[in-house]
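Q: Below is the file input33.cif, which contains mmCIF, C-alpha atoms, pLDDT in the B column; chains and numbers go by the auth columns.
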data_protein
#
loop_
_atom_site.group_PDB
_atom_site.id
_atom_site.type_symbol
_atom_site.label_atom_id
_atom_site.label_comp_id
_atom_site.label_asym_id
_atom_site.label_seq_id
_atom_site.Cartn_x
_atom_site.Cartn_y
_atom_site.Cartn_z
_atom_site.B_iso_or_equiv
_atom_site.auth_seq_id
_atom_site.auth_asym_id
ATOM 1 C CA MET A 1 35.755 -22.439 -40.569 51.00 1 A
ATOM 2 C CA ALA A 2 36.765 -18.788 -40.385 57.00 2 A
ATOM 3 C CA ARG A 3 33.108 -17.869 -40.267 60.00 3 A
ATOM 4 C CA GLY A 4 32.584 -20.075 -37.156 59.00 4 A
ATOM 5 C CA SER A 5 35.656 -18.605 -35.447 66.00 5 A
ATOM 6 C CA GLY A 6 34.450 -15.058 -36.055 65.00 6 A
ATOM 7 C CA LEU A 7 31.061 -15.918 -34.653 66.00 7 A
ATOM 8 C CA ALA A 8 32.673 -17.436 -31.562 66.00 8 A
ATOM 9 C CA LEU A 9 34.774 -14.294 -31.065 67.00 9 A
ATOM 10 C CA VAL A 10 31.591 -12.208 -30.980 65.00 10 A
ATOM 11 C CA ALA A 11 29.365 -14.642 -29.088 68.00 11 A
ATOM 12 C CA LEU A 12 31.722 -15.350 -26.193 68.00 12 A
ATOM 13 C CA PRO A 13 32.209 -11.706 -25.121 70.00 13 A
ATOM 14 C CA ALA A 14 28.516 -11.001 -25.625 68.00 14 A
ATOM 15 C CA GLY A 15 27.659 -14.035 -23.512 69.00 15 A
ATOM 16 C CA ALA A 16 30.064 -12.855 -20.812 65.00 16 A
ATOM 17 C CA VAL A 17 28.462 -9.415 -20.771 64.00 17 A
ATOM 18 C CA PHE A 18 24.906 -10.713 -20.585 69.00 18 A
ATOM 19 C CA GLY A 19 25.696 -13.692 -18.370 70.00 19 A
ATOM 20 C CA LEU A 20 28.075 -12.132 -15.866 70.00 20 A
ATOM 21 C CA VAL A 21 28.454 -8.378 -16.062 68.00 21 A
ATOM 22 C CA GLN A 22 24.797 -7.392 -16.408 74.00 22 A
ATOM 23 C CA PRO A 23 23.593 -9.419 -13.353 76.00 23 A
ATOM 24 C CA LEU A 24 26.456 -7.964 -11.306 75.00 24 A
ATOM 25 C CA ALA A 25 25.510 -4.446 -12.363 77.00 25 A
ATOM 26 C CA GLU A 26 21.864 -5.093 -11.449 83.00 26 A
ATOM 27 C CA ALA A 27 22.912 -6.519 -8.078 82.00 27 A
ATOM 28 C CA ARG A 28 25.010 -3.403 -7.460 84.00 28 A
ATOM 29 C CA VAL A 29 22.044 -1.132 -8.221 87.00 29 A
ATOM 30 C CA ASP A 30 19.844 -3.199 -5.878 84.00 30 A
ATOM 31 C CA ALA A 31 22.492 -3.066 -3.132 85.00 31 A
ATOM 32 C CA ARG A 32 22.746 0.716 -3.442 88.00 32 A
ATOM 33 C CA ARG A 33 18.959 1.056 -3.276 86.00 33 A
ATOM 34 C CA MET A 34 18.771 -1.150 -0.176 80.00 34 A
ATOM 35 C CA ALA A 35 21.604 0.813 1.476 82.00 35 A
ATOM 36 C CA ALA A 36 19.786 4.071 0.757 83.00 36 A
ATOM 37 C CA GLU A 37 16.567 2.656 2.246 78.00 37 A
ATOM 38 C CA ALA A 38 18.440 1.452 5.345 77.00 38 A
ATOM 39 C CA THR A 39 20.049 4.873 5.751 80.00 39 A
ATOM 40 C CA ALA A 40 16.684 6.591 5.398 79.00 40 A
ATOM 41 C CA LEU A 41 15.143 4.256 7.992 74.00 41 A
ATOM 42 C CA GLU A 42 18.053 4.816 10.373 76.00 42 A
ATOM 43 C CA ARG A 43 17.704 8.592 9.950 79.00 43 A
ATOM 44 C CA TRP A 44 13.941 8.402 10.573 75.00 44 A
ATOM 45 C CA VAL A 45 14.416 6.323 13.735 72.00 45 A
ATOM 46 C CA ALA A 46 17.041 8.761 15.029 72.00 46 A
ATOM 47 C CA GLU A 47 14.719 11.711 14.334 75.00 47 A
ATOM 48 C CA GLN A 48 11.816 9.976 16.063 70.00 48 A
ATOM 49 C CA ALA A 49 13.989 9.144 19.074 69.00 49 A
ATOM 50 C CA THR A 50 15.060 12.790 19.333 73.00 50 A
ATOM 51 C CA ILE A 51 11.462 13.988 19.076 72.00 51 A
ATOM 52 C CA PHE A 52 10.302 11.435 21.643 67.00 52 A
ATOM 53 C CA LEU A 53 13.048 12.339 24.126 67.00 53 A
ATOM 54 C CA THR A 54 12.396 16.058 23.709 75.00 54 A
ATOM 55 C CA GLU A 55 8.675 15.555 24.301 71.00 55 A
ATOM 56 C CA GLU A 56 9.355 13.249 27.261 68.00 56 A
ATOM 57 C CA GLN A 57 11.669 15.829 28.858 70.00 57 A
ATOM 58 C CA ALA A 58 9.040 18.526 28.345 76.00 58 A
ATOM 59 C CA ARG A 59 6.373 16.326 29.962 69.00 59 A
ATOM 60 C CA GLU A 60 8.657 15.595 32.917 69.00 60 A
ATOM 61 C CA ALA A 61 9.418 19.310 33.345 73.00 61 A
ATOM 62 C CA ALA A 62 5.681 20.039 33.290 74.00 62 A
ATOM 63 C CA GLY A 63 5.002 17.277 35.818 68.00 63 A
ATOM 64 C CA THR A 64 3.122 15.127 33.329 62.00 64 A
ATOM 65 C CA GLY A 65 5.980 12.843 32.273 55.00 65 A
ATOM 66 C CA PRO A 66 6.515 9.174 33.043 50.00 66 A
ATOM 67 C CA SER A 67 7.182 9.834 36.702 46.00 67 A
ATOM 68 C CA ALA A 68 3.750 11.461 36.953 50.00 68 A
ATOM 69 C CA ALA A 69 2.044 8.949 34.676 55.00 69 A
ATOM 70 C CA ALA A 70 -0.638 6.596 35.826 62.00 70 A
ATOM 71 C CA ALA A 71 0.240 3.004 36.559 79.00 71 A
ATOM 72 C CA PRO A 72 1.260 0.944 33.508 83.00 72 A
ATOM 73 C CA ILE A 73 -1.756 -0.249 31.560 86.00 73 A
ATOM 74 C CA GLY A 74 -0.570 -3.866 31.558 88.00 74 A
ATOM 75 C CA VAL A 75 -0.515 -6.423 28.807 89.00 75 A
ATOM 76 C CA SER A 76 -4.307 -6.307 28.459 89.00 76 A
ATOM 77 C CA GLY A 77 -4.219 -2.531 27.987 90.00 77 A
ATOM 78 C CA VAL A 78 -1.501 -2.827 25.365 91.00 78 A
ATOM 79 C CA GLU A 79 -3.511 -5.562 23.652 93.00 79 A
ATOM 80 C CA LYS A 80 -6.615 -3.367 23.671 92.00 80 A
ATOM 81 C CA SER A 81 -4.689 -0.528 22.017 91.00 81 A
ATOM 82 C CA LEU A 82 -3.364 -3.000 19.415 93.00 82 A
ATOM 83 C CA VAL A 83 -6.919 -4.114 18.647 94.00 83 A
ATOM 84 C CA GLU A 84 -8.073 -0.495 18.320 92.00 84 A
ATOM 85 C CA ALA A 85 -5.196 0.222 15.924 91.00 85 A
ATOM 86 C CA GLY A 86 -5.932 -2.907 13.857 93.00 86 A
ATOM 87 C CA LEU A 87 -2.558 -4.410 14.759 94.00 87 A
ATOM 88 C CA ARG A 88 -3.537 -7.328 16.998 94.00 88 A
ATOM 89 C CA ASN A 89 -3.466 -9.881 14.160 94.00 89 A
ATOM 90 C CA ASP A 90 0.079 -8.772 13.286 94.00 90 A
ATOM 91 C CA VAL A 91 1.458 -9.556 16.760 95.00 91 A
ATOM 92 C CA ALA A 92 3.598 -12.691 16.956 95.00 92 A
ATOM 93 C CA GLU A 93 4.337 -12.348 20.689 95.00 93 A
ATOM 94 C CA LEU A 94 2.836 -10.289 23.495 94.00 94 A
ATOM 95 C CA ALA A 95 4.010 -11.298 26.943 94.00 95 A
ATOM 96 C CA ASN A 96 4.725 -9.981 30.409 91.00 96 A
ATOM 97 C CA SER A 97 8.372 -9.978 31.410 87.00 97 A
ATOM 98 C CA ALA A 98 9.828 -10.707 34.839 83.00 98 A
ATOM 99 C CA ASP A 99 10.651 -7.036 35.510 83.00 99 A
ATOM 100 C CA GLY A 100 7.028 -5.925 35.095 85.00 100 A
ATOM 101 C CA GLY A 101 7.556 -4.955 31.491 89.00 101 A
ATOM 102 C CA ILE A 102 6.138 -6.286 28.258 92.00 102 A
ATOM 103 C CA SER A 103 7.775 -7.998 25.292 94.00 103 A
ATOM 104 C CA LEU A 104 6.128 -7.360 21.963 94.00 104 A
ATOM 105 C CA ARG A 105 7.155 -8.896 18.651 96.00 105 A
ATOM 106 C CA PHE A 106 5.833 -8.476 15.129 95.00 106 A
ATOM 107 C CA GLU A 107 7.015 -10.788 12.343 92.00 107 A
ATOM 108 C CA ALA A 108 5.578 -8.699 9.522 92.00 108 A
ATOM 109 C CA VAL A 109 3.837 -5.409 10.186 92.00 109 A
ATOM 110 C CA ARG A 110 3.393 -2.269 8.133 90.00 110 A
ATOM 111 C CA PHE A 111 5.994 0.154 9.403 87.00 111 A
ATOM 112 C CA THR A 112 3.807 3.208 8.935 87.00 112 A
ATOM 113 C CA VAL A 113 0.953 1.679 10.955 90.00 113 A
ATOM 114 C CA LEU A 114 3.330 0.551 13.731 90.00 114 A
ATOM 115 C CA ALA A 115 4.995 3.971 13.920 86.00 115 A
ATOM 116 C CA ASP A 116 1.595 5.706 14.054 86.00 116 A
ATOM 117 C CA TRP A 117 0.434 3.382 16.847 89.00 117 A
ATOM 118 C CA LEU A 118 3.599 3.939 18.876 85.00 118 A
ATOM 119 C CA SER A 119 3.360 7.697 18.457 80.00 119 A
ATOM 120 C CA ARG A 120 -0.215 7.742 19.716 79.00 120 A
ATOM 121 C CA VAL A 121 -0.033 5.374 22.676 78.00 121 A
ATOM 122 C CA ALA A 122 3.509 5.645 24.021 70.00 122 A
ATOM 123 C CA PRO A 123 3.017 8.845 26.035 66.00 123 A
ATOM 124 C CA ASP A 124 -0.037 7.508 27.897 74.00 124 A
ATOM 125 C CA TRP A 125 0.547 3.828 28.599 81.00 125 A
ATOM 126 C CA GLY A 126 2.798 4.063 31.675 84.00 126 A
ATOM 127 C CA TYR A 127 5.754 2.364 29.975 84.00 127 A
ATOM 128 C CA ARG A 128 8.889 3.552 28.322 81.00 128 A
ATOM 129 C CA LEU A 129 10.465 1.905 25.331 82.00 129 A
ATOM 130 C CA ALA A 130 13.593 0.252 26.748 84.00 130 A
ATOM 131 C CA ALA A 131 14.701 -1.499 23.559 86.00 131 A
ATOM 132 C CA PHE A 132 13.542 -2.029 20.035 85.00 132 A
ATOM 133 C CA SER A 133 14.773 -3.454 16.786 89.00 133 A
ATOM 134 C CA LEU A 134 13.418 -3.098 13.292 86.00 134 A
ATOM 135 C CA VAL A 135 14.353 -5.278 10.356 87.00 135 A
ATOM 136 C CA ARG A 136 13.162 -4.511 6.856 83.00 136 A
ATOM 137 C CA GLY A 137 10.677 -7.093 5.618 83.00 137 A
ATOM 138 C CA GLU A 138 10.468 -8.762 2.243 83.00 138 A
ATOM 139 C CA GLN A 139 7.858 -6.325 0.949 84.00 139 A
ATOM 140 C CA GLU A 140 7.926 -2.547 0.927 81.00 140 A
ATOM 141 C CA ASP A 141 6.712 -0.957 4.183 79.00 141 A
ATOM 142 C CA LEU A 142 6.863 -4.254 6.081 88.00 142 A
ATOM 143 C CA VAL A 143 9.184 -4.715 9.037 88.00 143 A
ATOM 144 C CA GLU A 144 9.943 -7.242 11.718 92.00 144 A
ATOM 145 C CA ALA A 145 9.855 -5.450 15.071 92.00 145 A
ATOM 146 C CA ASP A 146 10.819 -6.384 18.617 93.00 146 A
ATOM 147 C CA LEU A 147 9.858 -3.989 21.403 91.00 147 A
ATOM 148 C CA THR A 148 10.670 -4.144 25.107 91.00 148 A
ATOM 149 C CA LEU A 149 8.554 -1.973 27.359 88.00 149 A
ATOM 150 C CA VAL A 150 9.377 -1.318 31.010 88.00 150 A
ATOM 151 C CA PRO A 151 7.328 0.560 33.602 87.00 151 A
ATOM 152 C CA ALA A 152 7.998 4.305 33.345 79.00 152 A
ATOM 153 C CA ARG A 153 8.393 4.741 37.079 69.00 153 A
#
As structure tokens, what does this structure read like?
A:
Amino acid sequence: MARGSGLALVALPAGAVFGLVQPLAEARVDARRMAAEATALERWVAEQATIFLTEEQAREAAGTGPSAAAAPIGVSGVEKSLVEAGLRNDVAELANSADGGISLRFEAVRFTVLADWLSRVAPDWGYRLAAFSLVRGEQEDLVEADLTLVPAR
């Protein structure tokens, strides 16, 4: 019976370590990784916003900014640019809003492709980005994105 008791004294702590402590440690590592990714994304968005605002101010000072831009390209123009960028199939919602703007929603889109598209078309489409939200998707480089565009004038 002493042999069984000794085995129980070893098995119970080992079971606790492998059954409780190890999964908690793995969850902690995952949480830290996700926090680091969220921080990196937040930093990138802040940097892009700063770059965009600096470029927009320079365009306005040169007389080529939103106030000098052509009329907004409309929902069909935005859709055309989405098709050209290969993003049209990723769009979950593309609609005109009551204020003359456009609502655009992606349920799962590659972040790098979306960011590249925004960087290329935003200065020329006659809209400014009034609001946006990005949520990390289930897979790497995928995000859910909601964009609200309003006429630049």
Q: Between atom CA of A:Ser76 and atom CA of A:Ala122, measure the distance and give it in Å to one decimal.
A: 15.0 Å
Q: Dump as a PyMOL selection string all residues having an atom at most 12 Å from (9.3, -1.6, 12.0), computed in the file's coordinates with all atoms listed in the file.
A: chain A and resi 38+41-42+44-45+90+104-118+132-137+140-147
Q: Write the residues you've just listed into a file as a PDB file, in the frame of the given file, and include C-alpha atoms for each of them.
A:
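Written out: again-v4.pdb:
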ATOM      1  CA  ALA A  38      18.440   1.452   5.345  1.00 77.00           C
ATOM      2  CA  LEU A  41      15.143   4.256   7.992  1.00 74.00           C
ATOM      3  CA  GLU A  42      18.053   4.816  10.373  1.00 76.00           C
ATOM      4  CA  TRP A  44      13.941   8.402  10.573  1.00 75.00           C
ATOM      5  CA  VAL A  45      14.416   6.323  13.735  1.00 72.00           C
ATOM      6  CA  ASP A  90       0.079  -8.772  13.286  1.00 94.00           C
ATOM      7  CA  LEU A 104       6.128  -7.360  21.963  1.00 94.00           C
ATOM      8  CA  ARG A 105       7.155  -8.896  18.651  1.00 96.00           C
ATOM      9  CA  PHE A 106       5.833  -8.476  15.129  1.00 95.00           C
ATOM     10  CA  GLU A 107       7.015 -10.788  12.343  1.00 92.00           C
ATOM     11  CA  ALA A 108       5.578  -8.699   9.522  1.00 92.00           C
ATOM     12  CA  VAL A 109       3.837  -5.409  10.186  1.00 92.00           C
ATOM     13  CA  ARG A 110       3.393  -2.269   8.133  1.00 90.00           C
ATOM     14  CA  PHE A 111       5.994   0.154   9.403  1.00 87.00           C
ATOM     15  CA  THR A 112       3.807   3.208   8.935  1.00 87.00           C
ATOM     16  CA  VAL A 113       0.953   1.679  10.955  1.00 90.00           C
ATOM     17  CA  LEU A 114       3.330   0.551  13.731  1.00 90.00           C
ATOM     18  CA  ALA A 115       4.995   3.971  13.920  1.00 86.00           C
ATOM     19  CA  ASP A 116       1.595   5.706  14.054  1.00 86.00           C
ATOM     20  CA  TRP A 117       0.434   3.382  16.847  1.00 89.00           C
ATOM     21  CA  LEU A 118       3.599   3.939  18.876  1.00 85.00           C
ATOM     22  CA  PHE A 132      13.542  -2.029  20.035  1.00 85.00           C
ATOM     23  CA  SER A 133      14.773  -3.454  16.786  1.00 89.00           C
ATOM     24  CA  LEU A 134      13.418  -3.098  13.292  1.00 86.00           C
ATOM     25  CA  VAL A 135      14.353  -5.278  10.356  1.00 87.00           C
ATOM     26  CA  ARG A 136      13.162  -4.511   6.856  1.00 83.00           C
ATOM     27  CA  GLY A 137      10.677  -7.093   5.618  1.00 83.00           C
ATOM     28  CA  GLU A 140       7.926  -2.547   0.927  1.00 81.00           C
ATOM     29  CA  ASP A 141       6.712  -0.957   4.183  1.00 79.00           C
ATOM     30  CA  LEU A 142       6.863  -4.254   6.081  1.00 88.00           C
ATOM     31  CA  VAL A 143       9.184  -4.715   9.037  1.00 88.00           C
ATOM     32  CA  GLU A 144       9.943  -7.242  11.718  1.00 92.00           C
ATOM     33  CA  ALA A 145       9.855  -5.450  15.071  1.00 92.00           C
ATOM     34  CA  ASP A 146      10.819  -6.384  18.617  1.00 93.00           C
ATOM     35  CA  LEU A 147       9.858  -3.989  21.403  1.00 91.00           C
TER      36      LEU A 147
END
Q: Between atom CA of A:Arg120 and atom CA of A:Gln139, what is the distance in Å, rounded to a tenth?
A: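 Straight-line distance from atom CA of A:Arg120 to atom CA of A:Gln139 works out to 24.8 Å.
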Q: To one decimal in Å, tell me the separation between atom CA of A:Arg43 and atom CA of A:Val121.
A: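 So the answer is 22.1 Å.
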Q: Please expand the PyMOL selection byres ((chain A and resi 94) around 10) into the concrete residues it hits in this file, giving the result as number ranges by chain.
A: A: 75-76, 78-79, 88, 91-93, 95-97, 102-106, 147
Q: As a compact mmCIF listing (two decimals) with C-alpha atoms, in the frame of the given file, please: the residues near A:Tyr127 (cut-off 6 Å, all atoms listed in the file, same-chain neighbours under 3 positions excluded).
A:
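Now in around_39.txt:
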# COMPACT_ATOMS: atom_id res chain seq x y z
CA PRO A 72 1.26 0.94 33.51
CA LEU A 149 8.55 -1.97 27.36
CA VAL A 150 9.38 -1.32 31.01
CA PRO A 151 7.33 0.56 33.60
CA ALA A 152 8.00 4.30 33.34
Q: For A:Ser119, which of A:Ala85, A:Ala25, A:Ala71, A:Ala98 is the closest residue, counting all atoms listed in the file?
A: A:Ala85
